[in-house]
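**Q** Got structure.tsv for you, TSV, C-alpha atoms:
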chain	number	residue	atom	x	y	z
A	1	MET	CA	-78.13	25.42	258.12
A	2	SER	CA	-77.20	28.40	260.32
A	3	ASP	CA	-79.81	30.27	262.40
A	4	HIS	CA	-79.24	33.32	260.19
A	5	THR	CA	-79.97	31.34	257.04
A	6	GLY	CA	-83.02	29.82	258.74
A	7	ASP	CA	-84.32	33.27	259.65
A	8	THR	CA	-83.87	34.43	256.05
A	9	ALA	CA	-85.71	31.37	254.72
A	10	THR	CA	-88.54	31.98	257.19
A	11	GLU	CA	-88.89	35.65	256.28
A	12	ILE	CA	-88.98	34.87	252.56
A	13	PHE	CA	-91.53	32.08	253.01
A	14	VAL	CA	-93.79	34.21	255.20
A	15	SER	CA	-93.66	37.08	252.69
A	16	TYR	CA	-95.02	34.77	249.97
A	17	ARG	CA	-97.27	32.63	252.16
A	18	ASN	CA	-100.60	34.14	251.05
A	19	LEU	CA	-99.60	33.79	247.40
A	20	LEU	CA	-98.55	30.16	247.88
A	21	PHE	CA	-101.77	29.37	249.74
A	22	THR	CA	-103.80	30.88	246.90
A	23	VAL	CA	-101.90	28.81	244.32
A	24	ALA	CA	-102.48	25.61	246.29
A	25	TYR	CA	-106.12	26.41	247.05
A	26	GLU	CA	-106.97	27.17	243.41
A	27	MET	CA	-105.37	23.89	242.39
A	28	LEU	CA	-107.04	21.82	245.11
A	29	GLY	CA	-110.28	23.52	246.14
A	30	SER	CA	-109.53	22.60	249.75
A	31	ALA	CA	-108.05	24.88	252.40
A	32	ALA	CA	-106.98	21.96	254.60
A	33	ASP	CA	-105.11	20.32	251.74
A	34	ALA	CA	-103.63	23.68	250.72
A	35	GLU	CA	-102.27	24.10	254.25
A	36	ASP	CA	-100.73	20.62	254.09
A	37	VAL	CA	-99.10	21.56	250.78
A	38	LEU	CA	-97.67	24.70	252.34
A	39	GLN	CA	-96.21	22.63	255.17
A	40	GLU	CA	-94.57	20.30	252.65
A	41	THR	CA	-93.31	23.30	250.68
A	42	TRP	CA	-91.79	24.80	253.82
A	43	LEU	CA	-89.99	21.56	254.73
A	44	ARG	CA	-88.36	21.50	251.30
A	45	TRP	CA	-87.67	25.24	251.23
A	46	VAL	CA	-85.63	25.32	254.45
A	47	LYS	CA	-83.25	22.67	253.08
A	48	ILE	CA	-82.32	24.80	250.06
A	49	ASP	CA	-79.15	26.89	249.80
A	50	MET	CA	-80.59	30.41	249.54
A	51	GLY	CA	-77.48	31.59	247.71
A	52	GLN	CA	-78.36	29.34	244.77
A	53	VAL	CA	-81.91	30.70	244.35
A	54	ARG	CA	-82.16	33.57	241.84
A	55	ASP	CA	-85.95	34.00	241.78
A	56	ARG	CA	-87.37	33.16	245.19
A	57	ARG	CA	-91.03	33.63	244.22
A	58	ALA	CA	-90.68	31.37	241.19
A	59	TYR	CA	-88.84	28.72	243.20
A	60	LEU	CA	-91.48	28.67	245.94
A	61	VAL	CA	-94.33	28.55	243.41
A	62	ARG	CA	-92.56	25.66	241.70
A	63	ILE	CA	-92.29	23.65	244.94
A	64	THR	CA	-95.91	24.43	245.85
A	65	THR	CA	-97.14	23.39	242.40
A	66	ARG	CA	-95.34	20.05	242.54
A	67	GLN	CA	-96.70	19.28	246.00
A	68	ALA	CA	-100.21	20.36	244.98
A	69	LEU	CA	-100.08	18.11	241.90
A	70	ASN	CA	-99.12	15.16	244.09
A	71	ARG	CA	-102.00	15.99	246.42
A	72	LEU	CA	-104.45	16.38	243.52
A	73	ARG	CA	-103.83	12.82	242.42
A	74	THR	CA	-104.50	11.41	245.90
A	75	MET	CA	-107.58	13.62	246.29
A	76	ARG	CA	-109.10	12.03	243.19
A	77	ARG	CA	-109.36	8.75	245.06
A	78	ARG	CA	-110.98	10.46	248.04
A	79	LYS	CA	-113.54	12.15	245.82
A	80	GLU	CA	-114.50	8.84	244.22
A	81	ALA	CA	-115.55	7.58	247.67
A	82	TYR	CA	-117.18	10.88	248.69
A	83	VAL	CA	-120.87	10.80	249.66
A	84	GLY	CA	-122.84	13.01	247.29
A	85	PRO	CA	-121.50	15.89	245.15
A	86	TRP	CA	-118.09	17.32	246.01
A	87	LEU	CA	-117.90	21.13	246.05
A	88	PRO	CA	-114.83	23.31	246.66
A	89	GLU	CA	-114.40	24.54	250.22
A	90	PRO	CA	-115.79	28.10	250.53
A	91	LEU	CA	-113.56	30.75	252.11
A	92	LEU	CA	-114.79	33.96	253.68
A	93	THR	CA	-112.76	36.78	252.14
A	94	SER	CA	-112.23	40.48	252.71
A	95	PRO	CA	-113.66	43.31	250.56
A	96	ASP	CA	-110.14	43.72	249.09
A	97	VAL	CA	-110.49	40.36	247.35
A	98	ALA	CA	-113.90	41.34	245.95
A	99	GLU	CA	-112.51	44.65	244.65
A	100	ASP	CA	-109.80	42.83	242.68
A	101	ALA	CA	-111.92	41.61	239.75
A	102	GLU	CA	-109.20	39.29	238.43
A	103	LEU	CA	-108.70	37.62	241.82
A	104	ALA	CA	-112.44	37.39	242.56
A	105	GLU	CA	-113.01	35.67	239.21
A	106	SER	CA	-110.13	33.22	239.66
A	107	VAL	CA	-111.32	32.00	243.09
A	108	SER	CA	-115.07	32.23	242.44
A	109	MET	CA	-117.07	29.14	243.30
A	110	ALA	CA	-118.40	28.99	239.72
A	111	LEU	CA	-114.87	28.81	238.22
A	112	MET	CA	-113.57	26.50	240.94
A	113	ILE	CA	-116.35	24.05	240.08
A	114	VAL	CA	-115.35	24.18	236.40
A	115	LEU	CA	-111.71	23.54	237.35
A	116	GLU	CA	-112.79	20.34	239.10
A	117	ARG	CA	-113.47	18.85	235.66
A	118	LEU	CA	-109.90	19.32	234.43
A	119	ALA	CA	-107.15	16.72	234.61
A	120	PRO	CA	-104.50	17.53	237.28
A	121	ALA	CA	-101.91	18.84	234.79
A	122	GLU	CA	-104.56	20.92	232.97
A	123	ARG	CA	-105.71	22.47	236.23
A	124	ALA	CA	-102.16	23.29	237.30
A	125	VAL	CA	-101.30	24.90	233.95
A	126	PHE	CA	-104.58	26.84	233.77
A	127	VAL	CA	-104.21	28.21	237.30
A	128	LEU	CA	-100.56	29.18	236.90
A	129	ARG	CA	-101.03	30.71	233.45
A	130	GLU	CA	-104.47	32.34	233.63
A	131	ALA	CA	-104.63	33.38	237.27
A	132	PHE	CA	-101.00	34.11	238.07
A	133	GLY	CA	-99.65	35.02	234.63
A	134	ILE	CA	-96.67	32.69	234.94
A	135	GLY	CA	-94.65	32.05	231.77
A	136	TYR	CA	-94.66	28.75	229.90
A	137	ASP	CA	-91.00	28.02	230.65
A	138	GLU	CA	-91.55	28.52	234.38
A	139	ILE	CA	-94.69	26.34	234.36
A	140	ALA	CA	-92.79	23.67	232.43
A	141	ALA	CA	-90.14	23.59	235.18
A	142	ALA	CA	-92.86	23.37	237.84
A	143	ILE	CA	-94.77	20.43	236.35
A	144	GLY	CA	-91.88	18.59	234.71
A	145	LYS	CA	-92.95	18.96	231.07
A	146	SER	CA	-91.55	20.79	228.04
A	147	PRO	CA	-92.70	24.35	227.24
A	148	ALA	CA	-94.27	23.05	224.00
A	149	ALA	CA	-96.27	20.47	225.96
A	150	VAL	CA	-97.35	23.14	228.44
A	151	ARG	CA	-98.66	25.32	225.60
A	152	GLN	CA	-100.76	22.42	224.34
A	153	ILE	CA	-102.08	21.69	227.83
A	154	ALA	CA	-102.91	25.39	228.31
A	155	TYR	CA	-104.84	25.43	225.04
A	156	ARG	CA	-106.88	22.35	226.00
A	157	ALA	CA	-107.55	23.66	229.51
A	158	ARG	CA	-108.73	27.06	228.23
A	159	ARG	CA	-111.01	25.37	225.71
A	160	HIS	CA	-112.59	23.19	228.41
A	161	VAL	CA	-113.03	26.10	230.82
A	162	ASP	CA	-114.46	28.42	228.16
A	163	ALA	CA	-117.00	25.76	227.19
A	164	ASP	CA	-118.38	25.70	230.75
A	165	ARG	CA	-117.80	29.30	231.81
A	166	PRO	CA	-120.75	31.74	231.47
A	167	ARG	CA	-120.45	34.01	228.43
A	168	GLU	CA	-122.03	36.94	230.26
A	169	VAL	CA	-120.06	38.91	232.83
A	170	VAL	CA	-122.40	39.63	235.72
A	171	SER	CA	-121.60	42.59	237.97
A	172	PRO	CA	-121.27	42.10	241.74
A	173	ALA	CA	-124.22	44.50	242.16
A	174	ARG	CA	-126.48	42.27	240.07
A	175	THR	CA	-125.29	39.19	241.94
A	176	ARG	CA	-125.99	40.90	245.27
A	177	ALA	CA	-129.49	41.87	244.08
A	178	ALA	CA	-130.31	38.29	243.09
A	179	LEU	CA	-128.85	37.00	246.33
A	180	GLU	CA	-130.90	39.48	248.37
A	181	SER	CA	-134.10	38.37	246.60
A	182	PHE	CA	-133.18	34.75	247.31
A	183	ARG	CA	-132.39	35.55	250.96
A	184	HIS	CA	-135.73	37.28	251.48
A	185	ALA	CA	-137.64	34.39	249.86
A	186	LEU	CA	-135.71	31.89	251.98
A	187	GLU	CA	-136.27	33.63	255.30
A	188	THR	CA	-139.98	34.19	254.61
A	189	SER	CA	-140.54	30.76	252.97
A	190	ASP	CA	-142.14	32.58	250.03
A	191	LEU	CA	-142.57	30.09	247.18
A	192	ARG	CA	-143.62	32.69	244.63
A	193	ALA	CA	-140.65	34.94	245.39
A	194	LEU	CA	-138.31	31.97	245.21
A	195	LEU	CA	-139.65	30.95	241.80
A	196	ASP	CA	-139.26	34.54	240.57
A	197	VAL	CA	-135.52	34.66	241.35
A	198	LEU	CA	-134.62	31.14	240.19
A	199	ALA	CA	-133.99	30.55	236.48
A	200	PRO	CA	-136.24	27.82	234.99
A	201	GLN	CA	-133.29	25.42	234.61
A	202	VAL	CA	-131.47	26.36	237.82
A	203	VAL	CA	-129.17	23.66	239.23
A	204	PHE	CA	-128.93	23.21	243.01
A	205	VAL	CA	-125.88	21.31	244.30
A	206	THR	CA	-125.51	20.47	247.99
A	207	ASP	CA	-122.36	19.12	249.65
A	208	GLY	CA	-122.91	17.46	253.01
A	209	GLY	CA	-120.17	14.85	252.59
A	210	GLY	CA	-122.31	12.27	254.38
A	211	LEU	CA	-122.00	14.29	257.59
A	212	ARG	CA	-125.05	16.50	257.07
A	213	GLN	CA	-128.35	15.80	255.39
A	214	ALA	CA	-128.06	16.90	251.75
A	215	ALA	CA	-129.26	15.89	248.29
A	216	LEU	CA	-127.11	13.09	246.91
A	217	ARG	CA	-127.52	14.40	243.36
A	218	PRO	CA	-127.91	17.87	241.84
A	219	ILE	CA	-131.53	19.08	241.67
A	220	THR	CA	-132.60	20.78	238.44
A	221	GLY	CA	-135.54	23.08	237.69
A	222	ALA	CA	-136.94	26.06	239.60
A	223	GLY	CA	-140.02	24.22	240.85
A	224	GLN	CA	-138.10	21.22	242.14
A	225	VAL	CA	-135.40	23.34	243.75
A	226	ALA	CA	-137.89	25.66	245.45
A	227	ARG	CA	-139.97	22.78	246.79
A	228	PHE	CA	-136.87	20.93	248.03
A	229	ILE	CA	-135.66	23.99	249.95
A	230	LEU	CA	-139.00	25.01	251.45
A	231	SER	CA	-140.08	21.46	252.31
A	232	GLY	CA	-136.85	21.00	254.26
A	233	ILE	CA	-137.50	24.15	256.29
A	234	ALA	CA	-141.12	23.13	256.98
A	235	ARG	CA	-140.42	19.44	257.68
A	236	PHE	CA	-137.79	20.08	260.32
A	237	ASP	CA	-139.59	23.15	261.77
A	238	ILE	CA	-136.41	25.22	261.85
A	239	THR	CA	-135.62	28.89	262.21
A	240	LEU	CA	-133.36	29.83	259.30
A	241	THR	CA	-131.33	33.00	258.89
A	242	ALA	CA	-129.18	33.97	255.92
A	243	ASP	CA	-126.47	36.57	256.49
A	244	PRO	CA	-124.82	38.33	253.51
A	245	ALA	CA	-121.10	37.65	253.25
A	246	LEU	CA	-118.22	37.54	250.79
A	247	ALA	CA	-117.06	34.02	249.98
A	248	ASN	CA	-114.24	33.48	247.49
A	249	GLY	CA	-114.39	37.18	246.65
A	250	ASN	CA	-118.05	37.05	245.62
A	251	PRO	CA	-121.42	37.71	247.28
A	252	ALA	CA	-122.65	34.72	249.30
A	253	LEU	CA	-124.87	33.82	252.24
A	254	VAL	CA	-123.92	32.27	255.56
A	255	ILE	CA	-126.83	30.06	256.61
A	256	ARG	CA	-127.65	29.47	260.27
A	257	VAL	CA	-130.27	27.05	261.53
A	258	ASN	CA	-131.66	27.74	264.99
A	259	GLY	CA	-128.70	30.09	265.50
A	260	GLU	CA	-126.02	27.52	264.60
A	261	LEU	CA	-123.83	27.66	261.50
A	262	ASP	CA	-125.21	25.27	258.88
A	263	GLY	CA	-123.48	26.20	255.63
A	264	ILE	CA	-122.51	28.71	252.95
A	265	VAL	CA	-124.45	29.41	249.75
A	266	ALA	CA	-122.73	30.68	246.60
A	267	ILE	CA	-124.64	31.45	243.41
A	268	ARG	CA	-124.23	31.79	239.67
A	269	VAL	CA	-126.34	34.44	237.94
A	270	GLN	CA	-127.41	34.98	234.36
A	271	GLY	CA	-129.44	38.07	233.56
A	272	THR	CA	-131.26	38.76	236.82
A	273	ARG	CA	-131.91	35.16	237.84
A	274	ILE	CA	-129.96	32.48	239.66
A	275	THR	CA	-128.81	29.64	237.39
A	276	GLY	CA	-126.61	27.84	239.92
A	277	LEU	CA	-126.97	27.36	243.68
A	278	TYR	CA	-124.06	25.77	245.54
A	279	TYR	CA	-124.57	24.90	249.19
A	280	VAL	CA	-121.67	23.59	251.26
A	281	CYS	CA	-122.83	22.22	254.62
A	282	ASN	CA	-120.16	19.57	255.24
A	283	PRO	CA	-118.81	20.76	258.63
A	284	GLU	CA	-115.28	19.73	257.64
A	285	LYS	CA	-115.44	22.37	254.89
A	286	LEU	CA	-116.73	25.13	257.17
A	287	THR	CA	-113.67	25.58	259.38
A	288	ARG	CA	-113.03	28.99	257.76
A	289	ALA	CA	-116.63	30.19	257.86
A	290	GLU	CA	-116.11	32.48	260.85
A	291	SER	CA	-112.99	34.42	259.79
A	292	GLU	CA	-111.53	35.85	256.57
A	293	THR	CA	-108.82	34.07	254.62
A	294	PRO	CA	-106.27	36.32	252.86
A	295	LEU	CA	-105.85	35.53	249.16
A	296	THR	CA	-103.62	37.18	246.55
A	297	LEU	CA	-102.33	36.73	243.01
A	298	ARG	CA	-99.11	38.61	243.76
So, in terms of structure tokens, how does the structure I just supplied come out?

**A**
Amino acid sequence: MSDHTGDTATEIFVSYRNLLFTVAYEMLGSAADAEDVLQETWLRWVKIDMGQVRDRRAYLVRITTRQALNRLRTMRRRKEAYVGPWLPEPLLTSPDVAEDAELAESVSMALMIVLERLAPAERAVFVLREAFGIGYDEIAAAIGKSPAAVRQIAYRARRHVDADRPREVVSPARTRAALESFRHALETSDLRALLDVLAPQVVFVTDGGGLRQAALRPITGAGQVARFILSGIARFDITLTADPALANGNPALVIRVNGELDGIVAIRVQGTRITGLYYVCNPEKLTRAESETPLTLR
């Protein structure tokens, strides 16, 4: 390959890098694994004769999808040995991501958690079709199945996602309001205020990965969740601060304990109350908690 061809391949890859990262991240829920997929995609891309590629975006998405599917299958084994619940890795994002409603929905923690329940092929098809609007023929080429099979997989995936996805569309303003109430109750250790903002059947999921102290199973019920949170603060005599942030395009909190980064909280809201609390404190999943990660559907 000539230097000129190499430069062209590099320029094309860089121009689509954020898109390819978003594809891989939505399929995997892990920024580190998404970066590995991009490296594998790049190694394959530079060996291709650019003159034979008609649609560069489609070709790169196809390579990325295949590598992500391979990675998904190996990640399943890792998750089986994981200590406690496994949550997607939260990414700090810019206001631009939050302002793009379609993008913010597709990378939201709530949807990413639902996608974890899909089979690898279902997740790939759902992400490519629903988030990126890619045609059935193109998806079929990416995952090595017929267009008819892809349509069936897409139908099953949508049905599974719709069964778990909240029916109500909650505005970012309402989410921010609930998060602010939660933040205030947290920082003041106010049990009554915490119970007021938590839905009766709220589910609290913590991901420490065996590296940080965390609940090994989801905690359900406002009373149990509130007591678990406040007892932890009291027992360890810590100073806790919760800073508003945007994670995965949605309102979130960055939690610091005694001034040190401890984790990121994302929430799910129904009405005016929090129905889902997702706390990622595994330090291996907080490598992007200090800077924004660019995401895009285009």

**Q** Using all atoms listed in the file, list the residues that have an atom at most 10 Å from (-125.2, 28.7, 261.6), coordinates as in the file, as a tab-separated table (two decimals) with C-alpha atoms, in the frame of the given file.

**A**
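Result saved to part.tsv:
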chain	number	residue	atom	x	y	z
A	240	LEU	CA	-133.36	29.83	259.30
A	241	THR	CA	-131.33	33.00	258.89
A	242	ALA	CA	-129.18	33.97	255.92
A	243	ASP	CA	-126.47	36.57	256.49
A	254	VAL	CA	-123.92	32.27	255.56
A	255	ILE	CA	-126.83	30.06	256.61
A	256	ARG	CA	-127.65	29.47	260.27
A	257	VAL	CA	-130.27	27.05	261.53
A	258	ASN	CA	-131.66	27.74	264.99
A	259	GLY	CA	-128.70	30.09	265.50
A	260	GLU	CA	-126.02	27.52	264.60
A	261	LEU	CA	-123.83	27.66	261.50
A	262	ASP	CA	-125.21	25.27	258.88
A	263	GLY	CA	-123.48	26.20	255.63
A	264	ILE	CA	-122.51	28.71	252.95
A	281	CYS	CA	-122.83	22.22	254.62
A	289	ALA	CA	-116.63	30.19	257.86
A	290	GLU	CA	-116.11	32.48	260.85

**Q** Residues around (-116.1, 37.0, 240.7), cut-off 10 Å, counting only C-alpha atoms - what are they as a list in words?

**A** Val97, Ala98, Glu99, Asp100, Ala101, Glu102, Leu103, Ala104, Glu105, Ser106, Val107, Ser108, Met109, Ala110, Leu111, Val169, Val170, Ser171, Pro172, Thr175, Ala247, Asn248, Gly249, Asn250, Pro251 and Arg268 of chain A

**Q** Choose the residue, out of A:Phe182, A:Ile113, A:Ala154, A:Pro85, that has the smallest atom-to-atom separation from Ile219 in chain A; count all atoms listed in the file.

**A**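 Of the candidates, the smallest distance to Ile219 in chain A is held by A:Pro85.
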
**Q** Pick from A:Ala141, A:Ala31, A:Ala222, A:Leu118: nearest to Arg159 in chain A, with only C-alpha atoms counted?

**A**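 Smallest distance to Arg159 in chain A is found for A:Leu118.
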
**Q** Do a neighbour search on Ile12 in chain A at 10 Å with all atoms listed in the file, toss out local chain neighbours closer than 3 positions, and write the hits as a PyMOL selection string.

**A** chain A and resi 6-9+15-17+45+50+56-57+60

**Q** Suppose you want the space between CA of Tyr279 in chain A and CA of Pro218 in chain A; what is it in Å?

**A**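 Spanning CA of Tyr279 in chain A to CA of Pro218 in chain A is a straight-line distance of 10.7 Å.
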
**Q** Smallest atom-to-atom distance to Arg117 in chain A: which of A:Val161, A:Leu286, A:Ala173, A:Val53, using only C-alpha atoms?

**A**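 For Arg117 in chain A, the nearest of the candidates is A:Val161.
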
**Q** Between CA of Asp36 in chain A and CA of Ala245 in chain A, measure the distance and give it in Å to one decimal.

**A** 26.6 Å

**Q** For each of A:Val197, A:Ala252, A:Leu295, A:Ile267, take the minimum atom-to-atom distance to Glu26 in chain A, counting only C-alpha atoms, then give the residue where this is smallest.

**A** A:Leu295

**Q** How many Å separate CA of Arg77 in chain A from CA of Asp33 in chain A?

**A**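 Computing it gives 14.0 Å between the two atoms.
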
**Q** How would range 73-88 of chain A look with N, CA and C atoms restored, written as a JSON list (two decimals), in the frame of the given file?

**A**
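Output file part-v3.json follows:
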[["chain", "number", "residue", "atom", "x", "y", "z"],
["A", 73, "ARG", "N", -103.67, 14.21, 242.87],
["A", 73, "ARG", "CA", -103.83, 12.82, 242.42],
["A", 73, "ARG", "C", -104.38, 11.94, 243.54],
["A", 74, "THR", "N", -103.97, 12.20, 244.78],
["A", 74, "THR", "CA", -104.50, 11.41, 245.90],
["A", 74, "THR", "C", -105.93, 11.85, 246.22],
["A", 75, "MET", "N", -106.23, 13.13, 246.02],
["A", 75, "MET", "CA", -107.58, 13.62, 246.29],
["A", 75, "MET", "C", -108.60, 13.00, 245.35],
["A", 76, "ARG", "N", -108.18, 12.66, 244.15],
["A", 76, "ARG", "CA", -109.10, 12.03, 243.19],
["A", 76, "ARG", "C", -109.69, 10.75, 243.76],
["A", 77, "ARG", "N", -108.87, 9.99, 244.45],
["A", 77, "ARG", "CA", -109.36, 8.75, 245.06],
["A", 77, "ARG", "C", -110.34, 9.04, 246.18],
["A", 78, "ARG", "N", -110.06, 10.08, 246.97],
["A", 78, "ARG", "CA", -110.98, 10.46, 248.04],
["A", 78, "ARG", "C", -112.32, 10.90, 247.49],
["A", 79, "LYS", "N", -112.30, 11.64, 246.40],
["A", 79, "LYS", "CA", -113.54, 12.15, 245.82],
["A", 79, "LYS", "C", -114.41, 11.02, 245.25],
["A", 80, "GLU", "N", -113.75, 9.98, 244.76],
["A", 80, "GLU", "CA", -114.50, 8.84, 244.22],
["A", 80, "GLU", "C", -115.32, 8.15, 245.31],
["A", 81, "ALA", "N", -114.84, 8.21, 246.56],
["A", 81, "ALA", "CA", -115.55, 7.58, 247.67],
["A", 81, "ALA", "C", -116.42, 8.58, 248.44],
["A", 82, "TYR", "N", -116.46, 9.82, 247.98],
["A", 82, "TYR", "CA", -117.18, 10.88, 248.69],
["A", 82, "TYR", "C", -118.69, 10.65, 248.59],
["A", 83, "VAL", "N", -119.42, 10.95, 249.65],
["A", 83, "VAL", "CA", -120.87, 10.80, 249.66],
["A", 83, "VAL", "C", -121.52, 12.04, 249.08],
["A", 84, "GLY", "N", -122.19, 11.89, 247.93],
["A", 84, "GLY", "CA", -122.84, 13.01, 247.29],
["A", 84, "GLY", "C", -121.88, 13.87, 246.48],
["A", 85, "PRO", "N", -122.36, 14.99, 245.94],
["A", 85, "PRO", "CA", -121.50, 15.89, 245.15],
["A", 85, "PRO", "C", -120.39, 16.48, 246.00],
["A", 86, "TRP", "N", -119.24, 16.68, 245.36],
["A", 86, "TRP", "CA", -118.09, 17.32, 246.01],
["A", 86, "TRP", "C", -117.97, 18.75, 245.50],
["A", 87, "LEU", "N", -118.06, 19.73, 246.41],
["A", 87, "LEU", "CA", -117.90, 21.13, 246.05],
["A", 87, "LEU", "C", -116.62, 21.68, 246.68],
["A", 88, "PRO", "N", -116.00, 22.68, 246.05],
["A", 88, "PRO", "CA", -114.83, 23.31, 246.66],
["A", 88, "PRO", "C", -115.18, 23.90, 248.02]]
